[in-house]
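Peer 1: Got a file for you: model-v7.pdb, PDB, C-alpha atoms and all ligand atoms.
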```pdb
MODEL        1
ATOM      1  CA  MET A   1    -231.742  94.284 -15.252  1.00  0.00           C
ATOM      2  CA  LEU A   2    -228.191  95.066 -14.180  1.00  0.00           C
ATOM      3  CA  ASN A   3    -226.681  97.918 -16.247  1.00  0.00           C
ATOM      4  CA  ILE A   4    -223.432  99.202 -14.775  1.00  0.00           C
ATOM      5  CA  ALA A   5    -221.948 102.309 -16.384  1.00  0.00           C
ATOM      6  CA  ILE A   6    -218.267 103.124 -15.857  1.00  0.00           C
ATOM      7  CA  ASP A   7    -217.098 106.387 -17.438  1.00  0.00           C
ATOM      8  CA  GLY A   8    -213.856 108.296 -17.200  1.00  0.00           C
ATOM      9  CA  PRO A   9    -210.863 109.614 -19.135  1.00  0.00           C
ATOM     10  CA  SER A  10    -208.248 107.630 -21.069  1.00  0.00           C
ATOM     11  CA  GLY A  11    -205.830 105.394 -19.243  1.00  0.00           C
ATOM     12  CA  VAL A  12    -207.601 105.487 -15.913  1.00  0.00           C
ATOM     13  CA  GLY A  13    -208.017 101.716 -15.689  1.00  0.00           C
ATOM     14  CA  LYS A  14    -211.742 101.640 -16.524  1.00  0.00           C
ATOM     15  CA  SER A  15    -211.436  98.500 -18.615  1.00  0.00           C
ATOM     16  CA  THR A  16    -209.426  96.654 -15.949  1.00  0.00           C
ATOM     17  CA  ILE A  17    -212.067  97.572 -13.374  1.00  0.00           C
ATOM     18  CA  ALA A  18    -215.012  96.811 -15.682  1.00  0.00           C
ATOM     19  CA  LYS A  19    -213.592  93.423 -16.691  1.00  0.00           C
ATOM     20  CA  ALA A  20    -213.023  92.427 -13.072  1.00  0.00           C
ATOM     21  CA  ILE A  21    -216.544  93.536 -12.096  1.00  0.00           C
ATOM     22  CA  ALA A  22    -218.051  91.546 -14.979  1.00  0.00           C
ATOM     23  CA  LYS A  23    -216.101  88.459 -13.933  1.00  0.00           C
ATOM     24  CA  ARG A  24    -217.049  88.774 -10.265  1.00  0.00           C
ATOM     25  CA  LEU A  25    -220.733  89.297 -11.065  1.00  0.00           C
ATOM     26  CA  GLY A  26    -220.827  86.754 -13.912  1.00  0.00           C
ATOM     27  CA  ILE A  27    -222.140  89.276 -16.452  1.00  0.00           C
ATOM     28  CA  ILE A  28    -220.816  90.519 -19.802  1.00  0.00           C
ATOM     29  CA  TYR A  29    -218.490  93.469 -20.333  1.00  0.00           C
ATOM     30  CA  LEU A  30    -218.787  95.854 -23.266  1.00  0.00           C
ATOM     31  CA  ASP A  31    -215.718  97.966 -24.113  1.00  0.00           C
ATOM     32  CA  THR A  32    -217.338 100.854 -26.014  1.00  0.00           C
ATOM     33  CA  GLY A  33    -213.955 102.509 -26.673  1.00  0.00           C
ATOM     34  CA  ALA A  34    -213.067  99.456 -28.768  1.00  0.00           C
ATOM     35  CA  MET A  35    -216.180 100.148 -30.871  1.00  0.00           C
ATOM     36  CA  TYR A  36    -214.932 103.688 -31.676  1.00  0.00           C
ATOM     37  CA  ARG A  37    -211.518 102.195 -32.428  1.00  0.00           C
ATOM     38  CA  ALA A  38    -213.168  99.667 -34.781  1.00  0.00           C
ATOM     39  CA  ALA A  39    -215.097 102.473 -36.516  1.00  0.00           C
ATOM     40  CA  ALA A  40    -211.804 104.348 -36.974  1.00  0.00           C
ATOM     41  CA  TYR A  41    -210.146 101.214 -38.365  1.00  0.00           C
ATOM     42  CA  PHE A  42    -212.986 100.839 -40.860  1.00  0.00           C
ATOM     43  CA  ALA A  43    -212.903 104.495 -41.960  1.00  0.00           C
ATOM     44  CA  LEU A  44    -209.106 104.547 -42.332  1.00  0.00           C
ATOM     45  CA  LYS A  45    -209.222 101.361 -44.392  1.00  0.00           C
ATOM     46  CA  LYS A  46    -211.734 103.045 -46.679  1.00  0.00           C
ATOM     47  CA  GLY A  47    -209.318 105.962 -47.060  1.00  0.00           C
ATOM     48  CA  ALA A  48    -211.529 108.477 -45.272  1.00  0.00           C
ATOM     49  CA  ASP A  49    -210.368 111.388 -43.124  1.00  0.00           C
ATOM     50  CA  VAL A  50    -211.564 110.459 -39.616  1.00  0.00           C
ATOM     51  CA  ASN A  51    -212.083 114.161 -38.797  1.00  0.00           C
ATOM     52  CA  ASP A  52    -214.435 114.762 -41.695  1.00  0.00           C
ATOM     53  CA  GLU A  53    -218.122 114.041 -41.182  1.00  0.00           C
ATOM     54  CA  SER A  54    -218.840 114.478 -44.923  1.00  0.00           C
ATOM     55  CA  GLN A  55    -216.405 111.656 -45.755  1.00  0.00           C
ATOM     56  CA  VAL A  56    -217.269 109.284 -42.908  1.00  0.00           C
ATOM     57  CA  LYS A  57    -221.073 109.600 -42.758  1.00  0.00           C
ATOM     58  CA  PRO A  58    -221.780 108.167 -46.256  1.00  0.00           C
ATOM     59  CA  LEU A  59    -219.622 105.124 -45.448  1.00  0.00           C
ATOM     60  CA  LEU A  60    -221.508 104.150 -42.299  1.00  0.00           C
ATOM     61  CA  SER A  61    -224.258 102.270 -44.140  1.00  0.00           C
ATOM     62  CA  GLU A  62    -221.507  99.838 -45.200  1.00  0.00           C
ATOM     63  CA  LEU A  63    -220.288  99.356 -41.623  1.00  0.00           C
ATOM     64  CA  ASN A  64    -221.568  96.188 -40.043  1.00  0.00           C
ATOM     65  CA  MET A  65    -220.129  95.893 -36.545  1.00  0.00           C
ATOM     66  CA  GLU A  66    -220.679  92.750 -34.554  1.00  0.00           C
ATOM     67  CA  ILE A  67    -219.592  92.066 -30.974  1.00  0.00           C
ATOM     68  CA  ARG A  68    -219.098  88.442 -29.970  1.00  0.00           C
ATOM     69  CA  TYR A  69    -218.132  86.897 -26.662  1.00  0.00           C
ATOM     70  CA  ALA A  70    -216.123  83.743 -26.085  1.00  0.00           C
ATOM     71  CA  GLY A  71    -215.071  82.842 -22.546  1.00  0.00           C
ATOM     72  CA  GLY A  72    -215.903  86.375 -21.387  1.00  0.00           C
ATOM     73  CA  VAL A  73    -213.572  87.915 -23.986  1.00  0.00           C
ATOM     74  CA  GLN A  74    -214.966  90.475 -26.415  1.00  0.00           C
ATOM     75  CA  THR A  75    -214.128  90.220 -30.109  1.00  0.00           C
ATOM     76  CA  ILE A  76    -215.196  92.863 -32.635  1.00  0.00           C
ATOM     77  CA  TYR A  77    -215.951  91.982 -36.223  1.00  0.00           C
ATOM     78  CA  VAL A  78    -216.168  94.633 -38.913  1.00  0.00           C
ATOM     79  CA  ASN A  79    -217.902  93.277 -42.000  1.00  0.00           C
ATOM     80  CA  GLY A  80    -216.924  89.776 -40.952  1.00  0.00           C
ATOM     81  CA  GLU A  81    -213.252  90.565 -40.211  1.00  0.00           C
ATOM     82  CA  ASP A  82    -211.923  90.170 -36.659  1.00  0.00           C
ATOM     83  CA  VAL A  83    -210.353  93.620 -36.135  1.00  0.00           C
ATOM     84  CA  THR A  84    -209.592  93.152 -32.412  1.00  0.00           C
ATOM     85  CA  PRO A  85    -205.804  92.700 -32.874  1.00  0.00           C
ATOM     86  CA  TYR A  86    -205.453  96.156 -34.507  1.00  0.00           C
ATOM     87  CA  LEU A  87    -207.482  98.219 -32.077  1.00  0.00           C
ATOM     88  CA  ARG A  88    -204.889  98.872 -29.357  1.00  0.00           C
ATOM     89  CA  GLU A  89    -202.211 100.102 -31.790  1.00  0.00           C
ATOM     90  CA  HIS A  90    -200.921 103.516 -30.765  1.00  0.00           C
ATOM     91  CA  HIS A  91    -202.163 105.445 -33.831  1.00  0.00           C
ATOM     92  CA  MET A  92    -205.667 104.003 -33.366  1.00  0.00           C
ATOM     93  CA  SER A  93    -206.074 105.912 -30.085  1.00  0.00           C
ATOM     94  CA  LYS A  94    -205.853 109.266 -31.827  1.00  0.00           C
ATOM     95  CA  ALA A  95    -207.990 108.110 -34.784  1.00  0.00           C
ATOM     96  CA  ALA A  96    -210.671 106.800 -32.390  1.00  0.00           C
ATOM     97  CA  SER A  97    -210.661 110.053 -30.436  1.00  0.00           C
ATOM     98  CA  ASP A  98    -211.087 112.003 -33.709  1.00  0.00           C
ATOM     99  CA  ILE A  99    -213.855 109.841 -35.177  1.00  0.00           C
ATOM    100  CA  SER A 100    -215.718 109.751 -31.857  1.00  0.00           C
ATOM    101  CA  ALA A 101    -216.385 113.486 -32.250  1.00  0.00           C
ATOM    102  CA  LEU A 102    -218.521 112.874 -35.371  1.00  0.00           C
ATOM    103  CA  PRO A 103    -222.284 112.854 -34.615  1.00  0.00           C
ATOM    104  CA  SER A 104    -223.137 110.232 -37.270  1.00  0.00           C
ATOM    105  CA  VAL A 105    -220.663 107.782 -35.742  1.00  0.00           C
ATOM    106  CA  ARG A 106    -221.936 108.396 -32.204  1.00  0.00           C
ATOM    107  CA  ILE A 107    -225.567 107.889 -33.247  1.00  0.00           C
ATOM    108  CA  LYS A 108    -224.788 104.563 -34.881  1.00  0.00           C
ATOM    109  CA  LEU A 109    -222.613 103.196 -32.068  1.00  0.00           C
ATOM    110  CA  VAL A 110    -224.886 104.413 -29.247  1.00  0.00           C
ATOM    111  CA  GLU A 111    -227.838 102.584 -30.847  1.00  0.00           C
ATOM    112  CA  LEU A 112    -225.794  99.411 -31.007  1.00  0.00           C
ATOM    113  CA  GLN A 113    -224.647  99.810 -27.381  1.00  0.00           C
ATOM    114  CA  GLN A 114    -228.231 100.365 -26.199  1.00  0.00           C
ATOM    115  CA  ALA A 115    -229.423  97.261 -28.061  1.00  0.00           C
ATOM    116  CA  ILE A 116    -226.667  95.144 -26.491  1.00  0.00           C
ATOM    117  CA  ALA A 117    -227.444  96.543 -23.009  1.00  0.00           C
ATOM    118  CA  ARG A 118    -231.127  95.622 -23.415  1.00  0.00           C
ATOM    119  CA  SER A 119    -230.201  92.031 -24.149  1.00  0.00           C
ATOM    120  CA  ALA A 120    -228.249  91.093 -21.015  1.00  0.00           C
ATOM    121  CA  ASP A 121    -226.946  92.095 -17.595  1.00  0.00           C
ATOM    122  CA  ILE A 122    -223.882  94.110 -18.500  1.00  0.00           C
ATOM    123  CA  VAL A 123    -221.110  96.437 -17.435  1.00  0.00           C
ATOM    124  CA  LEU A 124    -220.072  99.039 -20.023  1.00  0.00           C
ATOM    125  CA  ASP A 125    -217.151 101.427 -19.950  1.00  0.00           C
ATOM    126  CA  GLY A 126    -216.762 104.579 -21.992  1.00  0.00           C
ATOM    127  CA  ARG A 127    -217.147 108.348 -21.820  1.00  0.00           C
ATOM    128  CA  ASP A 128    -220.902 108.911 -22.165  1.00  0.00           C
ATOM    129  CA  ILE A 129    -222.481 105.732 -20.790  1.00  0.00           C
ATOM    130  CA  GLY A 130    -224.035 107.303 -17.689  1.00  0.00           C
ATOM    131  CA  THR A 131    -224.963 110.543 -19.458  1.00  0.00           C
ATOM    132  CA  VAL A 132    -226.181 109.484 -22.926  1.00  0.00           C
ATOM    133  CA  VAL A 133    -226.133 105.735 -23.633  1.00  0.00           C
ATOM    134  CA  LEU A 134    -227.850 104.537 -20.446  1.00  0.00           C
ATOM    135  CA  PRO A 135    -229.072 107.537 -18.453  1.00  0.00           C
ATOM    136  CA  ASN A 136    -231.221 105.109 -16.429  1.00  0.00           C
ATOM    137  CA  ALA A 137    -228.397 102.647 -15.700  1.00  0.00           C
ATOM    138  CA  SER A 138    -228.847 100.835 -12.397  1.00  0.00           C
ATOM    139  CA  HIS A 139    -225.336 101.870 -11.287  1.00  0.00           C
ATOM    140  CA  LYS A 140    -223.087 104.685 -12.514  1.00  0.00           C
ATOM    141  CA  PHE A 141    -219.441 105.330 -11.739  1.00  0.00           C
ATOM    142  CA  PHE A 142    -217.030 108.017 -12.895  1.00  0.00           C
ATOM    143  CA  VAL A 143    -213.420 106.905 -12.510  1.00  0.00           C
ATOM    144  CA  THR A 144    -210.590 109.463 -12.526  1.00  0.00           C
ATOM    145  CA  ALA A 145    -206.881 109.693 -11.720  1.00  0.00           C
ATOM    146  CA  ASP A 146    -204.282 112.451 -12.154  1.00  0.00           C
ATOM    147  CA  ALA A 147    -202.951 112.647 -15.735  1.00  0.00           C
ATOM    148  CA  ALA A 148    -199.354 112.127 -14.512  1.00  0.00           C
ATOM    149  CA  GLU A 149    -200.349 108.975 -12.638  1.00  0.00           C
ATOM    150  CA  ARG A 150    -202.165 107.650 -15.734  1.00  0.00           C
ATOM    151  CA  ALA A 151    -199.087 108.409 -17.889  1.00  0.00           C
ATOM    152  CA  LYS A 152    -196.877 106.573 -15.379  1.00  0.00           C
ATOM    153  CA  ARG A 153    -199.111 103.465 -15.543  1.00  0.00           C
ATOM    154  CA  ARG A 154    -199.222 103.566 -19.341  1.00  0.00           C
ATOM    155  CA  LEU A 155    -195.428 103.957 -19.541  1.00  0.00           C
ATOM    156  CA  ILE A 156    -194.938 100.749 -17.516  1.00  0.00           C
ATOM    157  CA  GLU A 157    -197.392  98.929 -19.806  1.00  0.00           C
ATOM    158  CA  LEU A 158    -195.720 100.144 -23.030  1.00  0.00           C
ATOM    159  CA  ARG A 159    -192.169  99.524 -21.747  1.00  0.00           C
ATOM    160  CA  GLU A 160    -193.183  95.923 -21.004  1.00  0.00           C
ATOM    161  CA  LYS A 161    -194.172  95.660 -24.666  1.00  0.00           C
ATOM    162  CA  GLY A 162    -190.716  96.919 -25.679  1.00  0.00           C
ATOM    163  CA  SER A 163    -191.710 100.472 -26.640  1.00  0.00           C
ATOM    164  CA  ASP A 164    -189.149 103.265 -26.145  1.00  0.00           C
ATOM    165  CA  ILE A 165    -191.753 106.029 -25.857  1.00  0.00           C
ATOM    166  CA  THR A 166    -191.007 108.637 -23.166  1.00  0.00           C
ATOM    167  CA  PHE A 167    -193.074 109.714 -20.159  1.00  0.00           C
ATOM    168  CA  ALA A 168    -193.369 113.232 -21.623  1.00  0.00           C
ATOM    169  CA  GLU A 169    -194.764 111.915 -24.924  1.00  0.00           C
ATOM    170  CA  ILE A 170    -197.350 109.769 -23.167  1.00  0.00           C
ATOM    171  CA  LEU A 171    -198.402 112.588 -20.839  1.00  0.00           C
ATOM    172  CA  LYS A 172    -198.814 114.947 -23.802  1.00  0.00           C
ATOM    173  CA  ASP A 173    -200.974 112.350 -25.629  1.00  0.00           C
ATOM    174  CA  ILE A 174    -203.140 111.762 -22.568  1.00  0.00           C
ATOM    175  CA  GLU A 175    -203.660 115.479 -21.960  1.00  0.00           C
ATOM    176  CA  LYS A 176    -204.525 116.018 -25.621  1.00  0.00           C
ATOM    177  CA  ARG A 177    -207.063 113.177 -25.606  1.00  0.00           C
ATOM    178  CA  ASP A 178    -208.580 114.385 -22.318  1.00  0.00           C
ATOM    179  CA  TYR A 179    -209.012 117.801 -23.903  1.00  0.00           C
ATOM    180  CA  ASN A 180    -210.514 116.374 -27.134  1.00  0.00           C
ATOM    181  CA  ASP A 181    -212.853 114.007 -25.311  1.00  0.00           C
ATOM    182  CA  SER A 182    -214.142 116.591 -22.847  1.00  0.00           C
ATOM    183  CA  HIS A 183    -214.425 119.560 -25.245  1.00  0.00           C
ATOM    184  CA  ARG A 184    -216.191 118.001 -28.229  1.00  0.00           C
ATOM    185  CA  ALA A 185    -219.650 119.319 -29.005  1.00  0.00           C
ATOM    186  CA  HIS A 186    -221.399 115.929 -28.954  1.00  0.00           C
ATOM    187  CA  SER A 187    -221.571 113.824 -25.787  1.00  0.00           C
ATOM    188  CA  PRO A 188    -218.380 115.147 -24.201  1.00  0.00           C
ATOM    189  CA  LEU A 189    -216.712 113.217 -21.397  1.00  0.00           C
ATOM    190  CA  LYS A 190    -218.615 114.353 -18.313  1.00  0.00           C
ATOM    191  CA  LYS A 191    -219.557 112.907 -14.958  1.00  0.00           C
ATOM    192  CA  ALA A 192    -223.302 112.192 -14.729  1.00  0.00           C
ATOM    193  CA  ASP A 193    -224.800 114.054 -11.750  1.00  0.00           C
ATOM    194  CA  ASP A 194    -225.835 110.762 -10.173  1.00  0.00           C
ATOM    195  CA  ALA A 195    -222.547 108.890 -10.813  1.00  0.00           C
ATOM    196  CA  VAL A 196    -220.302 107.864  -7.919  1.00  0.00           C
ATOM    197  CA  LEU A 197    -216.824 109.418  -8.258  1.00  0.00           C
ATOM    198  CA  ILE A 198    -213.908 107.009  -7.785  1.00  0.00           C
ATOM    199  CA  ASP A 199    -210.455 108.649  -7.778  1.00  0.00           C
ATOM    200  CA  THR A 200    -207.878 105.908  -8.333  1.00  0.00           C
ATOM    201  CA  THR A 201    -204.740 108.120  -8.162  1.00  0.00           C
ATOM    202  CA  ASN A 202    -203.704 106.465  -4.903  1.00  0.00           C
ATOM    203  CA  MET A 203    -205.529 103.151  -5.346  1.00  0.00           C
ATOM    204  CA  THR A 204    -204.515  99.814  -6.795  1.00  0.00           C
ATOM    205  CA  ALA A 205    -206.788  98.263  -9.417  1.00  0.00           C
ATOM    206  CA  GLU A 206    -207.957  95.737  -6.784  1.00  0.00           C
ATOM    207  CA  GLN A 207    -208.915  98.529  -4.381  1.00  0.00           C
ATOM    208  CA  ALA A 208    -210.870 100.292  -7.130  1.00  0.00           C
ATOM    209  CA  VAL A 209    -212.726  97.057  -7.968  1.00  0.00           C
ATOM    210  CA  GLU A 210    -213.599  96.507  -4.299  1.00  0.00           C
ATOM    211  CA  ALA A 211    -214.810 100.118  -4.020  1.00  0.00           C
ATOM    212  CA  VAL A 212    -217.126  99.694  -7.025  1.00  0.00           C
ATOM    213  CA  LEU A 213    -218.396  96.293  -5.846  1.00  0.00           C
ATOM    214  CA  GLY A 214    -219.031  97.803  -2.410  1.00  0.00           C
ATOM    215  CA  TYR A 215    -221.342 100.427  -3.913  1.00  0.00           C
ATOM    216  CA  ILE A 216    -223.143  97.825  -6.045  1.00  0.00           C
ATOM    217  CA  ALA A 217    -223.736  95.597  -3.019  1.00  0.00           C
ATOM    218  CA  ARG A 218    -225.287  98.478  -1.036  1.00  0.00           C
TER     219      ARG A 218
HETATM  220  O1  LIG A 301    -211.460 104.026 -24.064  1.00  0.00           O
HETATM  221  P1  LIG A 301    -210.647 104.126 -25.353  1.00  0.00           P
HETATM  222  O2  LIG A 301    -209.332 104.829 -25.171  1.00  0.00           O
HETATM  223  O3  LIG A 301    -210.488 102.803 -26.023  1.00  0.00           O
HETATM  224  O4  LIG A 301    -211.536 105.035 -26.327  1.00  0.00           O
HETATM  225  C1  LIG A 301    -211.093 105.426 -27.595  1.00  0.00           C
HETATM  226  C2  LIG A 301    -211.710 106.778 -27.948  1.00  0.00           C
HETATM  227  O5  LIG A 301    -213.109 106.628 -28.141  1.00  0.00           O
HETATM  228  C3  LIG A 301    -211.524 107.852 -26.880  1.00  0.00           C
HETATM  229  O6  LIG A 301    -210.666 108.881 -27.327  1.00  0.00           O
HETATM  230  C4  LIG A 301    -212.890 108.428 -26.628  1.00  0.00           C
HETATM  231  C5  LIG A 301    -213.826 107.678 -27.503  1.00  0.00           C
HETATM  232  N1  LIG A 301    -214.962 107.118 -26.774  1.00  0.00           N
HETATM  233  C6  LIG A 301    -216.111 107.846 -26.736  1.00  0.00           C
HETATM  234  O7  LIG A 301    -216.151 108.960 -27.248  1.00  0.00           O
HETATM  235  N2  LIG A 301    -217.217 107.330 -26.133  1.00  0.00           N
HETATM  236  C7  LIG A 301    -217.184 106.136 -25.555  1.00  0.00           C
HETATM  237  N3  LIG A 301    -218.304 105.648 -24.988  1.00  0.00           N
HETATM  238  C8  LIG A 301    -215.993 105.376 -25.569  1.00  0.00           C
HETATM  239  C9  LIG A 301    -214.875 105.906 -26.169  1.00  0.00           C
ENDMDL
END
```
Is it possible to express this structure as structure tokens?
Ligand code: DC

Peer 2:
Amino acid sequence: MLNIAIDGPSGVGKSTIAKAIAKRLGIIYLDTGAMYRAAAYFALKKGADVNDESQVKPLLSELNMEIRYAGGVQTIYVNGEDVTPYLREHHMSKAASDISALPSVRIKLVELQQAIARSADIVLDGRDIGTVVLPNASHKFFVTADAAERAKRRLIELREKGSDITFAEILKDIEKRDYNDSHRAHSPLKKADDAVLIDTTNMTAEQAVEAVLGYIAR
């Protein structure tokens, strides 16, 4: 069974790399960050504080998350509603980072991720795939890039969408999320000891994909 784990901080291009790998190998891609975003969407819609375990935990029994694939594209349904269009909104990044620190949320989503990974050859990206979700993954990668380089890439992306956000604002957001994700008590962002480190600061996305495929082929 092919289980490829790609972990790393926000905005490093994990999803671009993971999607390209899935396409080249003809396997499915699971964006686990989108699952935390969907959980945040659900909790916010219910009026809960996404930082508060005592408010979020009791709601989780009502959360039915379903991942479907059509033409290689992942769609997330929350209680039957396609929530995919809302997940990349700017405020959802912070809400997802906050809710992902809650143990009850992690337990639920990790179980779902493990069940999906058992069902098919798959590449997953996230923060804890190689350390917690699939410690026995057949291949593990930890992708990094300097925060300033990540902010620069994100700025280009957001400017193309017409946003007038500044470089300084994006950099501050990225540094804050890096700190949150790597300092939380449960499953912090961390390179697995046996993961291959890929630093993409001076690489194009294509070069990063080739580097990962090169290791898989070995
Ligand atoms: O990759 P992303 O930006 O879509 O992830 C959103 C948030 O979810 C991010 O702040 C960290 C969290 N996350 C996590 O804790 N574990 C994962 N496996 C994936 C994402």

Peer 1: Can you work out which residues are within 6 Å of ligand LIG 301 (chain A), considering all atoms listed in the file, and then hand them over as a VMD selection string?

Peer 2: chain A and resid 10 32 to 34 36 to 37 93 96 to 97 100 126 to 129 177 181

Peer 1: Using all atoms listed in the file, can you tell me which of A:Ala22, A:Ser104, A:Arg154, A:Ala205 comes closest to Ser61 of chain A?

Peer 2: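 Among the listed residues, A:Ser104 lies closest to Ser61 of chain A.
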
Peer 1: Around segment 64-77 of chain A, with edges along x, y and z and 4 Å added on all six sides, what centre and edge lengths do you get, in Å to one decimal, as lines of an AutoDock Vina configuration file?

Peer 2:
```
center_x = -217.6
center_y = 89.5
center_z = -30.7
size_x = 16.0
size_y = 21.3
size_z = 26.7
```

Peer 1: Wanna dump the segment 17-65 of chain A-segment 108-122 of chain A contacts at 10 Å for me, each residue with its shortest atom pair and the distance in Å to one decimal, counting all atoms listed in the file, ordered by chain and number, as a tab-separated table?

Peer 2:
```
residue	atom	partner	partner_atom	distance
A:Ala18	CA	A:Ile122	CA	9.7
A:Ile21	CA	A:Ile122	CA	9.8
A:Ala22	CA	A:Ile122	CA	7.3
A:Leu25	CA	A:Ile122	CA	9.4
A:Gly26	CA	A:Asp121	CA	8.9
A:Ile27	CA	A:Ile122	CA	5.5
A:Ile28	CA	A:Ile122	CA	4.9
A:Tyr29	CA	A:Ile122	CA	5.7
A:Leu30	CA	A:Ile122	CA	7.2
A:Asp31	CA	A:Gln113	CA	9.7
A:Thr32	CA	A:Gln113	CA	7.5
A:Met35	CA	A:Leu109	CA	7.2
A:Tyr36	CA	A:Leu109	CA	7.7
A:Ala39	CA	A:Leu109	CA	8.8
A:Leu60	CA	A:Lys108	CA	8.1
A:Ser61	CA	A:Lys108	CA	9.6
A:Leu63	CA	A:Lys108	CA	9.6
A:Met65	CA	A:Leu112	CA	8.7
```

Peer 1: Between A:Ser15, A:Thr144, A:Gln55, A:Ser138, single out the one closest to Asn3 of chain A, counting only C-alpha atoms.

Peer 2: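 For Asn3 of chain A, the nearest of the given residues is A:Ser138.
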
Peer 1: Tell me which residues come within 9 Å of (-214.1, 97.6, -12.9), as a list in words, counting only C-alpha atoms in the file's coordinates.

Peer 2: Ile6, Gly13, Lys14, Ser15, Thr16, Ile17, Ala18, Lys19, Ala20, Ile21, Ala22, Val123, Asp125, Ala205, Glu206, Ala208, Val209, Glu210, Val212 and Leu213 of chain A

Peer 1: Using only C-alpha atoms, pick whichever of A:Pro135, A:Pro85, A:Pro58, A:Gly11 has the shortest atom-to-atom distance to Thr201 of chain A.

Peer 2: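 Smallest separation from Thr201 of chain A among the options: A:Gly11.
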
Peer 1: What gap, in Å, lies between atom CA of Gly130 of chain A and atom CA of Leu2 of chain A?

Peer 2: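 Atom-to-atom, atom CA of Gly130 of chain A and atom CA of Leu2 of chain A are spaced 13.4 Å apart.
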
Peer 1: For segment 165-176 of chain A, where the input has fewer atoms than it should, I would like N, CA, C and O atoms rebuilt and written as an mmCIF file, in the coordinates of the input.

Peer 2:
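The result, stored in rebuild32.cif:
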```
data_model
loop_
_atom_site.group_PDB
_atom_site.id
_atom_site.type_symbol
_atom_site.label_atom_id
_atom_site.label_comp_id
_atom_site.auth_asym_id
_atom_site.auth_seq_id
_atom_site.Cartn_x
_atom_site.Cartn_y
_atom_site.Cartn_z
ATOM 1 N N ILE A 165 -191.056 104.750 -26.027
ATOM 2 C CA ILE A 165 -191.753 106.029 -25.857
ATOM 3 C C ILE A 165 -191.398 106.647 -24.494
ATOM 4 O O ILE A 165 -191.104 105.920 -23.545
ATOM 5 N N THR A 166 -191.389 107.984 -24.434
ATOM 6 C CA THR A 166 -191.007 108.637 -23.166
ATOM 7 C C THR A 166 -192.247 109.009 -22.352
ATOM 8 O O THR A 166 -193.363 109.103 -22.881
ATOM 9 N N PHE A 167 -192.004 109.281 -21.061
ATOM 10 C CA PHE A 167 -193.074 109.714 -20.159
ATOM 11 C C PHE A 167 -193.716 111.002 -20.698
ATOM 12 O O PHE A 167 -194.941 111.138 -20.742
ATOM 13 N N ALA A 168 -192.863 111.937 -21.144
ATOM 14 C CA ALA A 168 -193.369 113.232 -21.623
ATOM 15 C C ALA A 168 -194.297 113.062 -22.828
ATOM 16 O O ALA A 168 -195.333 113.734 -22.927
ATOM 17 N N GLU A 169 -193.920 112.151 -23.728
ATOM 18 C CA GLU A 169 -194.764 111.915 -24.924
ATOM 19 C C GLU A 169 -196.130 111.347 -24.517
ATOM 20 O O GLU A 169 -197.168 111.753 -25.035
ATOM 21 N N ILE A 170 -196.091 110.396 -23.599
ATOM 22 C CA ILE A 170 -197.350 109.769 -23.167
ATOM 23 C C ILE A 170 -198.237 110.795 -22.464
ATOM 24 O O ILE A 170 -199.434 110.883 -22.722
ATOM 25 N N LEU A 171 -197.623 111.584 -21.590
ATOM 26 C CA LEU A 171 -198.402 112.588 -20.839
ATOM 27 C C LEU A 171 -199.057 113.579 -21.805
ATOM 28 O O LEU A 171 -200.238 113.922 -21.665
ATOM 29 N N LYS A 172 -198.285 113.991 -22.818
ATOM 30 C CA LYS A 172 -198.814 114.947 -23.802
ATOM 31 C C LYS A 172 -200.021 114.334 -24.537
ATOM 32 O O LYS A 172 -201.048 114.983 -24.721
ATOM 33 N N ASP A 173 -199.885 113.068 -24.945
ATOM 34 C CA ASP A 173 -200.974 112.350 -25.629
ATOM 35 C C ASP A 173 -202.222 112.268 -24.753
ATOM 36 O O ASP A 173 -203.342 112.496 -25.217
ATOM 37 N N ILE A 174 -202.012 111.925 -23.497
ATOM 38 C CA ILE A 174 -203.140 111.762 -22.568
ATOM 39 C C ILE A 174 -203.851 113.101 -22.364
ATOM 40 O O ILE A 174 -205.080 113.186 -22.415
ATOM 41 N N GLU A 175 -203.051 114.166 -22.187
ATOM 42 C CA GLU A 175 -203.660 115.479 -21.960
ATOM 43 C C GLU A 175 -204.430 115.944 -23.199
ATOM 44 O O GLU A 175 -205.498 116.534 -23.094
ATOM 45 N N LYS A 176 -203.874 115.627 -24.369
ATOM 46 C CA LYS A 176 -204.525 116.018 -25.621
ATOM 47 C C LYS A 176 -205.860 115.272 -25.769
ATOM 48 O O LYS A 176 -206.880 115.851 -26.135
#
```
